[in-house]
Amino acid sequence: MNHPRISARVRRIKPSPSSAAADRATALKREGKNIVSLVVGEPDFDTPANIRAAASKAMDKGATRYTMLAGSVDLRQAIAAKLKRENNLVYSPSDIIVTNGCKSGIYSALEATIEAGDEVIIPAPYWVSYPDMVIACDGVPKIVACPESQGFKISPAQLEAAITDKTRWLIINSPSNPTGASYSAAEYRKLADVLARHPHMLVMTDDIYEHIRFDGRATPHLLNAAPELADRVLAVNGVSKTYAMTGWRIGWIAGPSDLIGALNTLLSQAAGNACSISQAAAVEALNGDQSFVSESVAMYRTRRDRMLTRINQIEGLSCLPPDGAFYLYVNCAALIGRSTPAGARLETDGDVAMYLLESVGVAVVQGSAYGLSPYFRISIAASLDVLDDGTNRIAHAVSELR
């Protein structure tokens, strides 16, 4: 019998749309095209000097060997201290595991807990990887569309309606990628009241954008509003967005001891410990000077405000102000049905994204990648000059539509 070389689980999933868009923009640049890429979701700043110095010092001291699989004691202590100091959440270092970035941590948590057919509730718009991670683990993504009219956030009624006996997880990302929407403590409390009626469910909070917030307040956590859920929640976070450390690949998960123990077992066979040098750098990120955080957030806010004003001035486009993260989720419904100068009709937000790329060289990601159309996502993790250039081009492209 002729078996496919690639497993069914891999054939069921698709490559990350945002990565594909970034790769396409890079390929066009290599061909000599003048491309403004507003795709990549990573800070455009260098990792702060004190963090880089800590990594160099660690290497000089010979900290280049395996750490404990769950992460170095120093880093897990730093994470526990951060969770207490910033989030008022109490975890012992033994209830924390360090992962090779948040992405790996989320996937591993699903792999460790999902049986075939288990359902995972994912509010849309969602980070592009959530549904395919679930599918790769033989689970079923239960997508709940959360419209702009409700701030792109899941309502208690929607959550209640989505839960079945097969529901295993709810995934919450706040502030979110791609919309920047952030749940309040009161909204969390109402969701927790629903969860209380369904004790078989677990909740994963993806907190990676917690510090990139524009109202000057701390981002509330589900467990602040509902501490009684502590034995059902995995809190996922990392250093990549806050400290401009995307390439260092350090994330962590804090949660109940049985789930952390299962992750430790799985990762002992699947990955091993995270990079020792990156762990040393992350200790400094969490324990050291925090001025970079407020300075970078102030710059993101300036960019957000500039881009919001300019996008909302373009006839046919509109955008809600994001609470945090570094994206704009732009409503392009008014462009659907219009025709390009070449006579092509724009039928989807994918068509809009392709038109912007091909006509004016601006790379964005279509809303369908995030589960809610018709929108496109712009990353504001770029200089004001780049953002202004990109918006000028978008305005010109839209003005050419008929």
# chains A, B, ... in the order shown; residues from 1 in each chain; ligands from 1

call {"tool": "residues_around", "arguments": {"residues": "Leu335 of chain A", "least_positions_apart": "5", "cutoff": "8 Å", "atoms": "only C-alpha atoms", "output": "PyMOL selection string"}}
result
chain A and resi 316-317+346+352+398

call {"tool": "write_last_selection", "arguments": {"atoms": "N, CA, C and O atoms", "output": "short mmCIF file (atom, residue, chain, number, x, y, z; two decimals), in the first residue's frame"}}
result
data_model
loop_
_atom_site.label_atom_id
_atom_site.label_comp_id
_atom_site.auth_asym_id
_atom_site.auth_seq_id
_atom_site.Cartn_x
_atom_site.Cartn_y
_atom_site.Cartn_z
N GLY A 316 -13.53 55.09 2.36
CA GLY A 316 -13.66 53.66 2.14
C GLY A 316 -12.96 52.81 3.17
O GLY A 316 -13.16 51.59 3.20
N LEU A 317 -12.15 53.42 4.05
CA LEU A 317 -11.47 52.68 5.12
C LEU A 317 -11.87 53.27 6.47
O LEU A 317 -12.13 54.47 6.58
N LEU A 346 -12.84 43.77 -6.81
CA LEU A 346 -12.40 43.33 -5.49
C LEU A 346 -13.55 42.61 -4.80
O LEU A 346 -14.54 43.23 -4.43
N VAL A 352 -8.23 42.81 -1.78
CA VAL A 352 -7.78 44.15 -1.39
C VAL A 352 -6.30 44.12 -1.04
O VAL A 352 -5.51 44.98 -1.48
N VAL A 398 -6.45 53.41 -3.09
CA VAL A 398 -7.90 53.45 -2.87
C VAL A 398 -8.55 54.50 -3.78
O VAL A 398 -9.64 54.29 -4.32
#

call {"tool": "residues_around", "arguments": {"residues": "Gln158 of chain A", "least_positions_apart": "3", "cutoff": "10 Å", "atoms": "only C-alpha atoms", "output": "ChimeraX atom specification"}}
result
/A:123,144-146,153-155,161-163,191

call {"tool": "write_last_selection", "arguments": {"atoms": "N, CA and C atoms", "output": "tab-separated table (two decimals), in the first residue's frame"}}
result
chain	number	residue	atom	x	y	z
A	123	PRO	N	-12.08	32.97	19.94
A	123	PRO	CA	-12.76	34.18	19.46
A	123	PRO	C	-12.04	34.74	18.24
A	144	VAL	N	-15.61	31.60	17.09
A	144	VAL	CA	-16.73	32.46	17.45
A	144	VAL	C	-16.45	33.86	16.92
A	145	ALA	N	-17.23	34.30	15.95
A	145	ALA	CA	-17.02	35.61	15.33
A	145	ALA	C	-17.43	36.72	16.29
A	146	CYS	N	-16.51	37.62	16.58
A	146	CYS	CA	-16.75	38.73	17.51
A	146	CYS	C	-16.68	40.04	16.72
A	153	LYS	N	-14.63	41.48	20.85
A	153	LYS	CA	-14.47	40.64	22.05
A	153	LYS	C	-15.65	39.69	22.20
A	154	ILE	N	-15.37	38.51	22.72
A	154	ILE	CA	-16.43	37.51	22.90
A	154	ILE	C	-17.33	37.93	24.05
A	155	SER	N	-18.65	37.76	23.85
A	155	SER	CA	-19.61	38.10	24.90
A	155	SER	C	-19.91	36.86	25.74
A	161	ALA	N	-23.04	29.85	24.39
A	161	ALA	CA	-23.60	29.13	23.25
A	161	ALA	C	-22.58	28.22	22.58
A	162	ALA	N	-21.30	28.55	22.72
A	162	ALA	CA	-20.25	27.78	22.04
A	162	ALA	C	-19.82	26.55	22.82
A	163	ILE	N	-20.11	26.51	24.11
A	163	ILE	CA	-19.62	25.41	24.96
A	163	ILE	C	-20.45	24.15	24.75
A	191	LEU	N	-17.40	36.71	31.92
A	191	LEU	CA	-17.01	35.47	31.26
A	191	LEU	C	-16.76	34.37	32.30

call {"tool": "select_by_dssp", "arguments": {"residues": "segment 41-239 of chain A", "states": "strand (DSSP E or B)", "output": "PDB file with all heavy atoms, in the first residue's frame"}}
result
ATOM      1  N   ILE A  96       5.950  26.937  37.060  1.00  0.00           N
ATOM      2  CA  ILE A  96       6.287  27.713  35.868  1.00  0.00           C
ATOM      3  C   ILE A  96       7.219  26.879  34.999  1.00  0.00           C
ATOM      4  O   ILE A  96       8.133  26.226  35.510  1.00  0.00           O
ATOM      5  CB  ILE A  96       6.976  29.036  36.251  1.00  0.00           C
ATOM      6  CG1 ILE A  96       6.005  29.942  37.035  1.00  0.00           C
ATOM      7  CG2 ILE A  96       7.509  29.772  35.013  1.00  0.00           C
ATOM      8  CD1 ILE A  96       6.687  31.116  37.714  1.00  0.00           C
ATOM      9  N   ILE A  97       6.982  26.894  33.691  1.00  0.00           N
ATOM     10  CA  ILE A  97       7.893  26.236  32.764  1.00  0.00           C
ATOM     11  C   ILE A  97       8.272  27.213  31.664  1.00  0.00           C
ATOM     12  O   ILE A  97       7.421  27.947  31.147  1.00  0.00           O
ATOM     13  CB  ILE A  97       7.279  24.937  32.174  1.00  0.00           C
ATOM     14  CG1 ILE A  97       8.319  24.163  31.362  1.00  0.00           C
ATOM     15  CG2 ILE A  97       6.026  25.218  31.355  1.00  0.00           C
ATOM     16  CD1 ILE A  97       7.903  22.726  31.047  1.00  0.00           C
ATOM     17  N   VAL A  98       9.556  27.254  31.354  1.00  0.00           N
ATOM     18  CA  VAL A  98      10.087  28.131  30.304  1.00  0.00           C
ATOM     19  C   VAL A  98      10.053  27.374  28.984  1.00  0.00           C
ATOM     20  O   VAL A  98      10.429  26.193  28.929  1.00  0.00           O
ATOM     21  CB  VAL A  98      11.517  28.583  30.646  1.00  0.00           C
ATOM     22  CG1 VAL A  98      12.104  29.449  29.529  1.00  0.00           C
ATOM     23  CG2 VAL A  98      11.534  29.337  31.980  1.00  0.00           C
ATOM     24  N   THR A  99       9.598  28.033  27.938  1.00  0.00           N
ATOM     25  CA  THR A  99       9.454  27.386  26.637  1.00  0.00           C
ATOM     26  C   THR A  99      10.238  28.140  25.566  1.00  0.00           C
ATOM     27  O   THR A  99      10.659  29.280  25.768  1.00  0.00           O
ATOM     28  CB  THR A  99       7.969  27.312  26.227  1.00  0.00           C
ATOM     29  OG1 THR A  99       7.427  28.642  26.154  1.00  0.00           O
ATOM     30  CG2 THR A  99       7.180  26.498  27.237  1.00  0.00           C
ATOM     31  N   GLU A 119     -12.859  20.143  21.490  1.00  0.00           N
ATOM     32  CA  GLU A 119     -13.092  21.460  20.894  1.00  0.00           C
ATOM     33  C   GLU A 119     -12.374  22.558  21.665  1.00  0.00           C
ATOM     34  O   GLU A 119     -12.265  22.492  22.899  1.00  0.00           O
ATOM     35  CB  GLU A 119     -14.598  21.760  20.863  1.00  0.00           C
ATOM     36  CG  GLU A 119     -15.385  20.799  19.990  1.00  0.00           C
ATOM     37  CD  GLU A 119     -16.886  20.984  20.085  1.00  0.00           C
ATOM     38  OE1 GLU A 119     -17.339  21.756  20.959  1.00  0.00           O
ATOM     39  OE2 GLU A 119     -17.605  20.345  19.290  1.00  0.00           O
ATOM     40  N   VAL A 120     -11.886  23.534  20.925  1.00  0.00           N
ATOM     41  CA  VAL A 120     -11.211  24.695  21.512  1.00  0.00           C
ATOM     42  C   VAL A 120     -11.916  25.947  21.005  1.00  0.00           C
ATOM     43  O   VAL A 120     -11.978  26.186  19.794  1.00  0.00           O
ATOM     44  CB  VAL A 120      -9.719  24.734  21.139  1.00  0.00           C
ATOM     45  CG1 VAL A 120      -9.061  25.992  21.694  1.00  0.00           C
ATOM     46  CG2 VAL A 120      -9.004  23.486  21.648  1.00  0.00           C
ATOM     47  N   ILE A 121     -12.471  26.729  21.928  1.00  0.00           N
ATOM     48  CA  ILE A 121     -13.176  27.957  21.550  1.00  0.00           C
ATOM     49  C   ILE A 121     -12.152  29.060  21.285  1.00  0.00           C
ATOM     50  O   ILE A 121     -11.323  29.375  22.152  1.00  0.00           O
ATOM     51  CB  ILE A 121     -14.163  28.382  22.644  1.00  0.00           C
ATOM     52  CG1 ILE A 121     -15.251  27.310  22.815  1.00  0.00           C
ATOM     53  CG2 ILE A 121     -14.784  29.743  22.328  1.00  0.00           C
ATOM     54  CD1 ILE A 121     -16.176  27.564  23.982  1.00  0.00           C
ATOM     55  N   ILE A 122     -12.228  29.633  20.081  1.00  0.00           N
ATOM     56  CA  ILE A 122     -11.287  30.666  19.655  1.00  0.00           C
ATOM     57  C   ILE A 122     -12.079  31.873  19.170  1.00  0.00           C
ATOM     58  O   ILE A 122     -12.717  31.823  18.117  1.00  0.00           O
ATOM     59  CB  ILE A 122     -10.374  30.154  18.525  1.00  0.00           C
ATOM     60  CG1 ILE A 122      -9.610  28.901  18.975  1.00  0.00           C
ATOM     61  CG2 ILE A 122      -9.419  31.247  18.069  1.00  0.00           C
ATOM     62  CD1 ILE A 122      -8.805  28.235  17.859  1.00  0.00           C
ATOM     63  N   PRO A 123     -12.084  32.970  19.943  1.00  0.00           N
ATOM     64  CA  PRO A 123     -12.758  34.175  19.463  1.00  0.00           C
ATOM     65  C   PRO A 123     -12.043  34.739  18.240  1.00  0.00           C
ATOM     66  O   PRO A 123     -10.809  34.786  18.190  1.00  0.00           O
ATOM     67  CB  PRO A 123     -12.652  35.145  20.648  1.00  0.00           C
ATOM     68  CG  PRO A 123     -12.348  34.281  21.843  1.00  0.00           C
ATOM     69  CD  PRO A 123     -11.543  33.138  21.304  1.00  0.00           C
ATOM     70  N   ALA A 124     -12.835  35.137  17.237  1.00  0.00           N
ATOM     71  CA  ALA A 124     -12.276  35.741  16.027  1.00  0.00           C
ATOM     72  C   ALA A 124     -12.654  37.219  15.992  1.00  0.00           C
ATOM     73  O   ALA A 124     -13.773  37.569  16.349  1.00  0.00           O
ATOM     74  CB  ALA A 124     -12.813  35.036  14.782  1.00  0.00           C
ATOM     75  N   VAL A 140     -10.637  20.287  17.428  1.00  0.00           N
ATOM     76  CA  VAL A 140     -11.581  20.983  16.545  1.00  0.00           C
ATOM     77  C   VAL A 140     -11.659  22.448  16.976  1.00  0.00           C
ATOM     78  O   VAL A 140     -12.141  22.742  18.083  1.00  0.00           O
ATOM     79  CB  VAL A 140     -12.985  20.356  16.622  1.00  0.00           C
ATOM     80  CG1 VAL A 140     -13.961  21.110  15.722  1.00  0.00           C
ATOM     81  CG2 VAL A 140     -12.928  18.881  16.256  1.00  0.00           C
ATOM     82  N   PRO A 141     -11.203  23.379  16.124  1.00  0.00           N
ATOM     83  CA  PRO A 141     -11.351  24.799  16.468  1.00  0.00           C
ATOM     84  C   PRO A 141     -12.818  25.208  16.398  1.00  0.00           C
ATOM     85  O   PRO A 141     -13.493  24.934  15.413  1.00  0.00           O
ATOM     86  CB  PRO A 141     -10.542  25.523  15.378  1.00  0.00           C
ATOM     87  CG  PRO A 141      -9.807  24.471  14.631  1.00  0.00           C
ATOM     88  CD  PRO A 141     -10.524  23.185  14.841  1.00  0.00           C
ATOM     89  N   LYS A 142     -13.313  25.814  17.449  1.00  0.00           N
ATOM     90  CA  LYS A 142     -14.694  26.321  17.490  1.00  0.00           C
ATOM     91  C   LYS A 142     -14.590  27.850  17.406  1.00  0.00           C
ATOM     92  O   LYS A 142     -14.369  28.537  18.402  1.00  0.00           O
ATOM     93  CB  LYS A 142     -15.355  25.880  18.789  1.00  0.00           C
ATOM     94  CG  LYS A 142     -16.861  26.082  18.850  1.00  0.00           C
ATOM     95  CD  LYS A 142     -17.588  24.932  18.173  1.00  0.00           C
ATOM     96  CE  LYS A 142     -19.091  25.002  18.422  1.00  0.00           C
ATOM     97  NZ  LYS A 142     -19.460  24.518  19.766  1.00  0.00           N
ATOM     98  N   ILE A 143     -14.704  28.366  16.181  1.00  0.00           N
ATOM     99  CA  ILE A 143     -14.484  29.786  15.947  1.00  0.00           C
ATOM    100  C   ILE A 143     -15.753  30.562  16.273  1.00  0.00           C
ATOM    101  O   ILE A 143     -16.842  30.231  15.802  1.00  0.00           O
ATOM    102  CB  ILE A 143     -14.082  30.054  14.475  1.00  0.00           C
ATOM    103  CG1 ILE A 143     -12.896  29.157  14.067  1.00  0.00           C
ATOM    104  CG2 ILE A 143     -13.768  31.517  14.270  1.00  0.00           C
ATOM    105  CD1 ILE A 143     -11.658  29.329  14.902  1.00  0.00           C
ATOM    106  N   VAL A 144     -15.611  31.601  17.086  1.00  0.00           N
ATOM    107  CA  VAL A 144     -16.732  32.463  17.454  1.00  0.00           C
ATOM    108  C   VAL A 144     -16.445  33.862  16.919  1.00  0.00           C
ATOM    109  O   VAL A 144     -15.501  34.531  17.368  1.00  0.00           O
ATOM    110  CB  VAL A 144     -16.930  32.509  18.981  1.00  0.00           C
ATOM    111  CG1 VAL A 144     -18.062  33.463  19.345  1.00  0.00           C
ATOM    112  CG2 VAL A 144     -17.202  31.119  19.531  1.00  0.00           C
ATOM    113  N   ALA A 145     -17.230  34.302  15.949  1.00  0.00           N
ATOM    114  CA  ALA A 145     -17.018  35.608  15.332  1.00  0.00           C
ATOM    115  C   ALA A 145     -17.435  36.718  16.293  1.00  0.00           C
ATOM    116  O   ALA A 145     -18.581  36.751  16.758  1.00  0.00           O
ATOM    117  CB  ALA A 145     -17.809  35.709  14.032  1.00  0.00           C
ATOM    118  N   THR A 167     -15.974  20.620  24.756  1.00  0.00           N
ATOM    119  CA  THR A 167     -15.112  21.796  24.881  1.00  0.00           C
ATOM    120  C   THR A 167     -13.991  21.528  25.884  1.00  0.00           C
ATOM    121  O   THR A 167     -14.243  21.128  27.019  1.00  0.00           O
ATOM    122  CB  THR A 167     -15.910  23.024  25.335  1.00  0.00           C
ATOM    123  OG1 THR A 167     -16.985  23.254  24.421  1.00  0.00           O
ATOM    124  CG2 THR A 167     -15.012  24.254  25.365  1.00  0.00           C
ATOM    125  N   ARG A 168     -12.774  21.762  25.437  1.00  0.00           N
ATOM    126  CA  ARG A 168     -11.610  21.556  26.296  1.00  0.00           C
ATOM    127  C   ARG A 168     -11.012  22.882  26.756  1.00  0.00           C
ATOM    128  O   ARG A 168     -10.610  23.029  27.896  1.00  0.00           O
ATOM    129  CB  ARG A 168     -10.556  20.743  25.524  1.00  0.00           C
ATOM    130  CG  ARG A 168      -9.354  20.321  26.343  1.00  0.00           C
ATOM    131  CD  ARG A 168      -9.772  19.367  27.438  1.00  0.00           C
ATOM    132  NE  ARG A 168      -8.625  18.685  28.007  1.00  0.00           N
ATOM    133  CZ  ARG A 168      -8.655  18.069  29.187  1.00  0.00           C
ATOM    134  NH1 ARG A 168      -9.765  18.056  29.885  1.00  0.00           N
ATOM    135  NH2 ARG A 168      -7.592  17.457  29.643  1.00  0.00           N
ATOM    136  N   TRP A 169     -10.921  23.841  25.817  1.00  0.00           N
ATOM    137  CA  TRP A 169     -10.224  25.104  26.093  1.00  0.00           C
ATOM    138  C   TRP A 169     -11.012  26.300  25.572  1.00  0.00           C
ATOM    139  O   TRP A 169     -11.718  26.197  24.571  1.00  0.00           O
ATOM    140  CB  TRP A 169      -8.858  25.148  25.391  1.00  0.00           C
ATOM    141  CG  TRP A 169      -7.768  24.315  25.966  1.00  0.00           C
ATOM    142  CD1 TRP A 169      -7.353  23.087  25.523  1.00  0.00           C
ATOM    143  CD2 TRP A 169      -6.926  24.654  27.064  1.00  0.00           C
ATOM    144  NE1 TRP A 169      -6.309  22.644  26.289  1.00  0.00           N
ATOM    145  CE2 TRP A 169      -6.018  23.580  27.236  1.00  0.00           C
ATOM    146  CE3 TRP A 169      -6.831  25.749  27.923  1.00  0.00           C
ATOM    147  CZ2 TRP A 169      -5.036  23.586  28.228  1.00  0.00           C
ATOM    148  CZ3 TRP A 169      -5.860  25.742  28.912  1.00  0.00           C
ATOM    149  CH2 TRP A 169      -4.978  24.676  29.063  1.00  0.00           C
ATOM    150  N   LEU A 170     -10.824  27.424  26.211  1.00  0.00           N
ATOM    151  CA  LEU A 170     -11.077  28.751  25.668  1.00  0.00           C
ATOM    152  C   LEU A 170      -9.727  29.454  25.618  1.00  0.00           C
ATOM    153  O   LEU A 170      -8.987  29.436  26.609  1.00  0.00           O
ATOM    154  CB  LEU A 170     -12.038  29.539  26.563  1.00  0.00           C
ATOM    155  CG  LEU A 170     -12.102  31.060  26.320  1.00  0.00           C
ATOM    156  CD1 LEU A 170     -12.723  31.377  24.963  1.00  0.00           C
ATOM    157  CD2 LEU A 170     -12.874  31.759  27.454  1.00  0.00           C
ATOM    158  N   ILE A 171      -9.403  30.058  24.467  1.00  0.00           N
ATOM    159  CA  ILE A 171      -8.163  30.829  24.347  1.00  0.00           C
ATOM    160  C   ILE A 171      -8.514  32.308  24.311  1.00  0.00           C
ATOM    161  O   ILE A 171      -9.326  32.753  23.491  1.00  0.00           O
ATOM    162  CB  ILE A 171      -7.365  30.451  23.082  1.00  0.00           C
ATOM    163  CG1 ILE A 171      -6.970  28.962  23.124  1.00  0.00           C
ATOM    164  CG2 ILE A 171      -6.121  31.325  22.954  1.00  0.00           C
ATOM    165  CD1 ILE A 171      -6.182  28.501  21.904  1.00  0.00           C
ATOM    166  N   ILE A 172      -7.889  33.079  25.219  1.00  0.00           N
ATOM    167  CA  ILE A 172      -8.101  34.528  25.293  1.00  0.00           C
ATOM    168  C   ILE A 172      -6.759  35.228  25.082  1.00  0.00           C
ATOM    169  O   ILE A 172      -5.769  34.900  25.738  1.00  0.00           O
ATOM    170  CB  ILE A 172      -8.658  34.932  26.675  1.00  0.00           C
ATOM    171  CG1 ILE A 172     -10.087  34.416  26.850  1.00  0.00           C
ATOM    172  CG2 ILE A 172      -8.599  36.443  26.850  1.00  0.00           C
ATOM    173  CD1 ILE A 172     -11.145  35.253  26.199  1.00  0.00           C
ATOM    174  N   ASN A 173      -6.730  36.187  24.156  1.00  0.00           N
ATOM    175  CA  ASN A 173      -5.522  36.972  23.864  1.00  0.00           C
ATOM    176  C   ASN A 173      -5.869  38.445  24.085  1.00  0.00           C
ATOM    177  O   ASN A 173      -6.690  38.999  23.360  1.00  0.00           O
ATOM    178  CB  ASN A 173      -5.101  36.710  22.413  1.00  0.00           C
ATOM    179  CG  ASN A 173      -3.896  37.505  21.953  1.00  0.00           C
ATOM    180  OD1 ASN A 173      -3.790  37.821  20.775  1.00  0.00           O
ATOM    181  ND2 ASN A 173      -2.986  37.821  22.845  1.00  0.00           N
ATOM    182  N   LEU A 202     -10.952  24.343  30.402  1.00  0.00           N
ATOM    183  CA  LEU A 202      -9.724  25.037  30.769  1.00  0.00           C
ATOM    184  C   LEU A 202      -9.646  26.347  29.979  1.00  0.00           C
ATOM    185  O   LEU A 202     -10.311  26.502  28.957  1.00  0.00           O
ATOM    186  CB  LEU A 202      -8.502  24.172  30.458  1.00  0.00           C
ATOM    187  CG  LEU A 202      -8.431  22.813  31.155  1.00  0.00           C
ATOM    188  CD1 LEU A 202      -7.292  21.974  30.576  1.00  0.00           C
ATOM    189  CD2 LEU A 202      -8.257  22.986  32.653  1.00  0.00           C
ATOM    190  N   VAL A 203      -8.826  27.273  30.475  1.00  0.00           N
ATOM    191  CA  VAL A 203      -8.651  28.564  29.801  1.00  0.00           C
ATOM    192  C   VAL A 203      -7.168  28.846  29.642  1.00  0.00           C
ATOM    193  O   VAL A 203      -6.385  28.677  30.593  1.00  0.00           O
ATOM    194  CB  VAL A 203      -9.302  29.718  30.596  1.00  0.00           C
ATOM    195  CG1 VAL A 203      -9.195  31.033  29.806  1.00  0.00           C
ATOM    196  CG2 VAL A 203     -10.749  29.416  30.933  1.00  0.00           C
ATOM    197  N   MET A 204      -6.799  29.255  28.433  1.00  0.00           N
ATOM    198  CA  MET A 204      -5.426  29.683  28.173  1.00  0.00           C
ATOM    199  C   MET A 204      -5.431  31.181  27.907  1.00  0.00           C
ATOM    200  O   MET A 204      -6.142  31.659  27.027  1.00  0.00           O
ATOM    201  CB  MET A 204      -4.833  28.936  26.972  1.00  0.00           C
ATOM    202  CG  MET A 204      -3.318  29.064  26.884  1.00  0.00           C
ATOM    203  SD  MET A 204      -2.586  28.172  25.474  1.00  0.00           S
ATOM    204  CE  MET A 204      -3.369  26.577  25.576  1.00  0.00           C
ATOM    205  N   THR A 205      -4.660  31.930  28.689  1.00  0.00           N
ATOM    206  CA  THR A 205      -4.548  33.370  28.471  1.00  0.00           C
ATOM    207  C   THR A 205      -3.204  33.655  27.804  1.00  0.00           C
ATOM    208  O   THR A 205      -2.157  33.335  28.351  1.00  0.00           O
ATOM    209  CB  THR A 205      -4.674  34.168  29.774  1.00  0.00           C
ATOM    210  OG1 THR A 205      -3.568  33.872  30.636  1.00  0.00           O
ATOM    211  CG2 THR A 205      -5.979  33.854  30.482  1.00  0.00           C
ATOM    212  N   ASP A 206      -3.267  34.222  26.619  1.00  0.00           N
ATOM    213  CA  ASP A 206      -2.066  34.622  25.875  1.00  0.00           C
ATOM    214  C   ASP A 206      -1.845  36.105  26.174  1.00  0.00           C
ATOM    215  O   ASP A 206      -2.520  36.973  25.629  1.00  0.00           O
ATOM    216  CB  ASP A 206      -2.290  34.377  24.379  1.00  0.00           C
ATOM    217  CG  ASP A 206      -1.086  34.747  23.524  1.00  0.00           C
ATOM    218  OD1 ASP A 206      -0.144  35.372  24.053  1.00  0.00           O
ATOM    219  OD2 ASP A 206      -1.095  34.436  22.320  1.00  0.00           O
ATOM    220  N   ARG A 213       0.214  48.832  25.817  1.00  0.00           N
ATOM    221  CA  ARG A 213      -1.146  49.293  26.112  1.00  0.00           C
ATOM    222  C   ARG A 213      -1.111  50.813  26.149  1.00  0.00           C
ATOM    223  O   ARG A 213      -0.158  51.410  26.645  1.00  0.00           O
ATOM    224  CB  ARG A 213      -1.581  48.708  27.456  1.00  0.00           C
ATOM    225  CG  ARG A 213      -3.018  48.971  27.819  1.00  0.00           C
ATOM    226  CD  ARG A 213      -3.332  48.379  29.168  1.00  0.00           C
ATOM    227  NE  ARG A 213      -4.678  48.747  29.593  1.00  0.00           N
ATOM    228  CZ  ARG A 213      -5.739  47.995  29.396  1.00  0.00           C
ATOM    229  NH1 ARG A 213      -5.618  46.822  28.804  1.00  0.00           N
ATOM    230  NH2 ARG A 213      -6.935  48.405  29.806  1.00  0.00           N
ATOM    231  N   VAL A 233      -6.538  27.537  34.680  1.00  0.00           N
ATOM    232  CA  VAL A 233      -5.968  28.537  33.767  1.00  0.00           C
ATOM    233  C   VAL A 233      -4.477  28.314  33.574  1.00  0.00           C
ATOM    234  O   VAL A 233      -3.731  28.110  34.537  1.00  0.00           O
ATOM    235  CB  VAL A 233      -6.207  29.971  34.303  1.00  0.00           C
ATOM    236  CG1 VAL A 233      -5.435  31.000  33.474  1.00  0.00           C
ATOM    237  CG2 VAL A 233      -7.689  30.305  34.293  1.00  0.00           C
ATOM    238  N   LEU A 234      -4.052  28.357  32.316  1.00  0.00           N
ATOM    239  CA  LEU A 234      -2.632  28.464  31.981  1.00  0.00           C
ATOM    240  C   LEU A 234      -2.375  29.883  31.497  1.00  0.00           C
ATOM    241  O   LEU A 234      -3.013  30.341  30.542  1.00  0.00           O
ATOM    242  CB  LEU A 234      -2.232  27.469  30.889  1.00  0.00           C
ATOM    243  CG  LEU A 234      -2.105  26.003  31.270  1.00  0.00           C
ATOM    244  CD1 LEU A 234      -1.615  25.191  30.067  1.00  0.00           C
ATOM    245  CD2 LEU A 234      -1.160  25.790  32.456  1.00  0.00           C
ATOM    246  N   ALA A 235      -1.459  30.574  32.153  1.00  0.00           N
ATOM    247  CA  ALA A 235      -1.090  31.944  31.783  1.00  0.00           C
ATOM    248  C   ALA A 235       0.197  31.886  30.968  1.00  0.00           C
ATOM    249  O   ALA A 235       1.248  31.500  31.478  1.00  0.00           O
ATOM    250  CB  ALA A 235      -0.912  32.797  33.028  1.00  0.00           C
ATOM    251  N   VAL A 236       0.089  32.284  29.700  1.00  0.00           N
ATOM    252  CA  VAL A 236       1.214  32.206  28.765  1.00  0.00           C
ATOM    253  C   VAL A 236       1.743  33.612  28.494  1.00  0.00           C
ATOM    254  O   VAL A 236       0.969  34.543  28.255  1.00  0.00           O
ATOM    255  CB  VAL A 236       0.774  31.555  27.434  1.00  0.00           C
ATOM    256  CG1 VAL A 236       1.963  31.377  26.507  1.00  0.00           C
ATOM    257  CG2 VAL A 236       0.072  30.230  27.697  1.00  0.00           C
ATOM    258  N   ASN A 237       3.060  33.747  28.531  1.00  0.00           N
ATOM    259  CA  ASN A 237       3.653  35.063  28.267  1.00  0.00           C
ATOM    260  C   ASN A 237       5.097  34.854  27.828  1.00  0.00           C
ATOM    261  O   ASN A 237       5.552  33.720  27.646  1.00  0.00           O
ATOM    262  CB  ASN A 237       3.565  35.946  29.520  1.00  0.00           C
ATOM    263  CG  ASN A 237       3.522  37.432  29.199  1.00  0.00           C
ATOM    264  OD1 ASN A 237       4.021  37.870  28.158  1.00  0.00           O
ATOM    265  ND2 ASN A 237       2.926  38.209  30.086  1.00  0.00           N
ATOM    266  N   GLY A 238       5.825  35.946  27.660  1.00  0.00           N
ATOM    267  CA  GLY A 238       7.219  35.868  27.235  1.00  0.00           C
ATOM    268  C   GLY A 238       7.818  37.251  27.111  1.00  0.00           C
ATOM    269  O   GLY A 238       7.167  38.257  27.415  1.00  0.00           O
TER     270      GLY A 238
END

call {"tool": "closest_residue", "arguments": {"among": "A:Ser276, A:Gly255, A:Gly105, A:Thr242", "to": "Thr64 of chain A", "atoms": "only C-alpha atoms"}}
result
A:Ser276

call {"tool": "residues_around", "arguments": {"residues": "Arg306 of chain A", "least_positions_apart": "3", "cutoff": "10 Å", "atoms": "only C-alpha atoms", "output": "number ranges by chain"}}
result
A: 300-303, 309-311, 380, 384, 387-388

call {"tool": "residues_around", "arguments": {"residues": "Leu259 of chain A", "least_positions_apart": "5", "cutoff": "10 Å", "atoms": "only C-alpha atoms", "output": "VMD selection string"}}
result
chain A and resid 95 109 112 to 113 231 to 234 253 to 254 264 to 265

call {"tool": "residues_around", "arguments": {"residues": "Ala298 of chain A", "least_positions_apart": "4", "cutoff": "10 Å", "atoms": "only C-alpha atoms", "output": "PyMOL selection string"}}
result
chain A and resi 212-214+216+292-294+302-304
